[in-house]
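*Asks:* Let me begin by handing over the structure; questions about it come next.
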There are 2 protein chains.
Amino acid sequence: MLANDEMAGLVARHDRFVGFAASLPMNDVENSLGELERAVRDLGALGFQLYSNVNGTPLDDPRFGPIFAAAAELDCAIWLHPTRSPAWPDYPTEAESRHGIWWSIGWPYETSAAMCRLVYSGILDRHPDLRIITHHAGAMIPYFSGRFKEVQTEDQRPALGALEHEPLDYFRRFYADTALFGAPHALRCGVEFFGTDHVLFGTDMPLGGPRVVGETIADIDSLGLGDDDRSLIYERNAASVLRIDPAPQTG
Amino acid sequence: MLANDEMAGLVARHDRFVGFAASLPMNDVENSLGELERAVRDLGALGFQLYSNVNGTPLDDPRFGPIFAAAAELDCAIWLHPTRSPAWPDYPTEAESRHGIWWSIGWPYETSAAMCRLVYSGILDRHPDLRIITHHAGAMIPYFSGRFKEVQTEDQRPALGALEHEPLDYFRRFYADTALFGAPHALRCGVEFFGTDHVLFGTDMPLGGPRVVGETIADIDSLGLGDDDRSLIYERNAASVLRIDPAPQTG
């Protein structure tokens, strides 16, 4: 696919890029499988970006099962990215979401719903070693972790009864980036939930502009972490999740 | 209304209740206004419980404007409570929400969307002294506060341009309870966002059973707050928001 070829070309031409995330035509699973294998094996992709739904279909739809199996087989990372537009109304009496609510809280909701569906459908039981990086520090799961502790609604019972572990055990397997646009209280919450071994430095640039890079670094500084934890978040977790060599030590 | 009469009776008969939150028939605004005034003036209600939507209609619909004006005029508190059922699907390709997602993350989303609509519609500009208590520690706002810092989507611009202050200034005016079902990392995040003067002890009992009371107290203990901050969260903020006398000091 053109986009993946161009990404591979950029990585080849510039020293500062260690790799790229492939794009897949998820509306065509058969072609996605071929393109994923080509991108990882031939182009050196470190994994692929997966949107939180495919044209409105949730990721645990059986048609996507082979994608997760291929990710496990190829041992590559998955970047889970939210997608939602104003066309998803917040109220049944309205035709559209207003005031950017579909983005500000709608996107984290999207990510969280996708995480729930991946957990409850048993995909993480079938592929326990999947490495899925969630945008915005694990979205809603850290702040509302208490709501996943036990069965609270009857319609949770069939799925939870079939899982091998407790829901929170699966949610903690996800990886989280630090892209919170400057919110030290929130980053601390996310790091305490996932642990420093499951948090990767990320900022959402260019969205938010260069400001968010400085704010994200300041948020990490505010945690008062030791050198070991800092090096996990800034570098070693990424190296481990993406199966790349850590950057050479400097200074 | 029968429910409010019975609540007033319970408060009158039992020393341990300092007051109650009235219920209003929000599908009939005219009758709600009369009942609110009766409940507060005649029955001693401290405020009223407001669901995050009224039969699917958002709270900033103009028809509800008089309710907020009356709350300001009567100087009473508003308990904002989420409401949503599986009938609100998470994906446009599905008829229902599954696995309790409508509850676990759907309810916090509901609360957050209602908070956004109250802010963006200018209701908090028109009534700057409204005291609104949000369930589940301010729902999604503390963890995603960075997403409300500046205009990120074009459809935010008209509403934000008409506001007197920055969005986060309004969001911090809400009050938050501590009902997070045992999640010390999350409670710390919420308290850091709102400040100890805007957090009220609450547990969601009987939901979750007696366990959640102990867990919530343990979470507050884990914050390492001084006596002054603890007394704000456990008592003095409630006294101030509900306009009641603090309990007599014991011990």
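Simple scheme: letters A, B, ... for chains in structure tokens order, numbers from 1 for residues in each chain, numbers from 1 for ligands in the order shown.
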Would you tabulate, counting only C-alpha atoms, all residues of range 120-223 of chain B that have an atom at most 12 Å from an atom of range 30-50 of chain B, showing the closest pair of atoms and their distance in Å to one decimal, sorted by chain then ascending number, as a Markdown table?
*Replies:*
```
| residue | atom | partner | partner_atom | distance |
| --- | --- | --- | --- | --- |
| B:Leu130 | CA | B:Gly47 | CA | 11.0 |
| B:Arg131 | CA | B:Gly47 | CA | 9.5 |
| B:Ile132 | CA | B:Leu50 | CA | 9.4 |
| B:Ile133 | CA | B:Gln49 | CA | 9.4 |
| B:Thr134 | CA | B:Leu50 | CA | 10.1 |
| B:His135 | CA | B:Gln49 | CA | 11.0 |
```
*Asks:* Generate a file of the selected residues that holds C-alpha atoms, formatted as a compact mmCIF listing (two decimals), in the first residue's frame.
*Replies:*
```
# COMPACT_ATOMS: atom_id res chain seq x y z
CA LEU B 130 -25.27 27.26 41.25
CA ARG B 131 -23.95 24.43 43.41
CA ILE B 132 -23.95 21.23 41.37
CA ILE B 133 -22.62 18.00 42.90
CA THR B 134 -21.33 15.57 40.29
CA HIS B 135 -21.29 11.84 40.87
```
*Asks:* With 6 Å as the limit and counting only C-alpha atoms, what residues in chain A lie close to chain B? Please list them as a list in words.
*Replies:*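 Listed by rising number, the hits are Gly56, Thr57, Tyr91, Pro92, Thr93, His99, Gly100, Ser104, Tyr143, Gly146, Arg147, Thr153, Asp155, Gln156, Leu180, Phe181, Gly182, Ala183, His185, Ala186 and Cys189 of chain A.
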*Asks:* Identify all residues of range 64-248 of chain B in helix (DSSP H, G or I) (DSSP on the backbone) and supply them as a ChimeraX atom specification.
*Replies:* /B:64-74,101-104,106-120,123-126,145-148,154-162,167-171,184-194,196-198,211-222,227-242
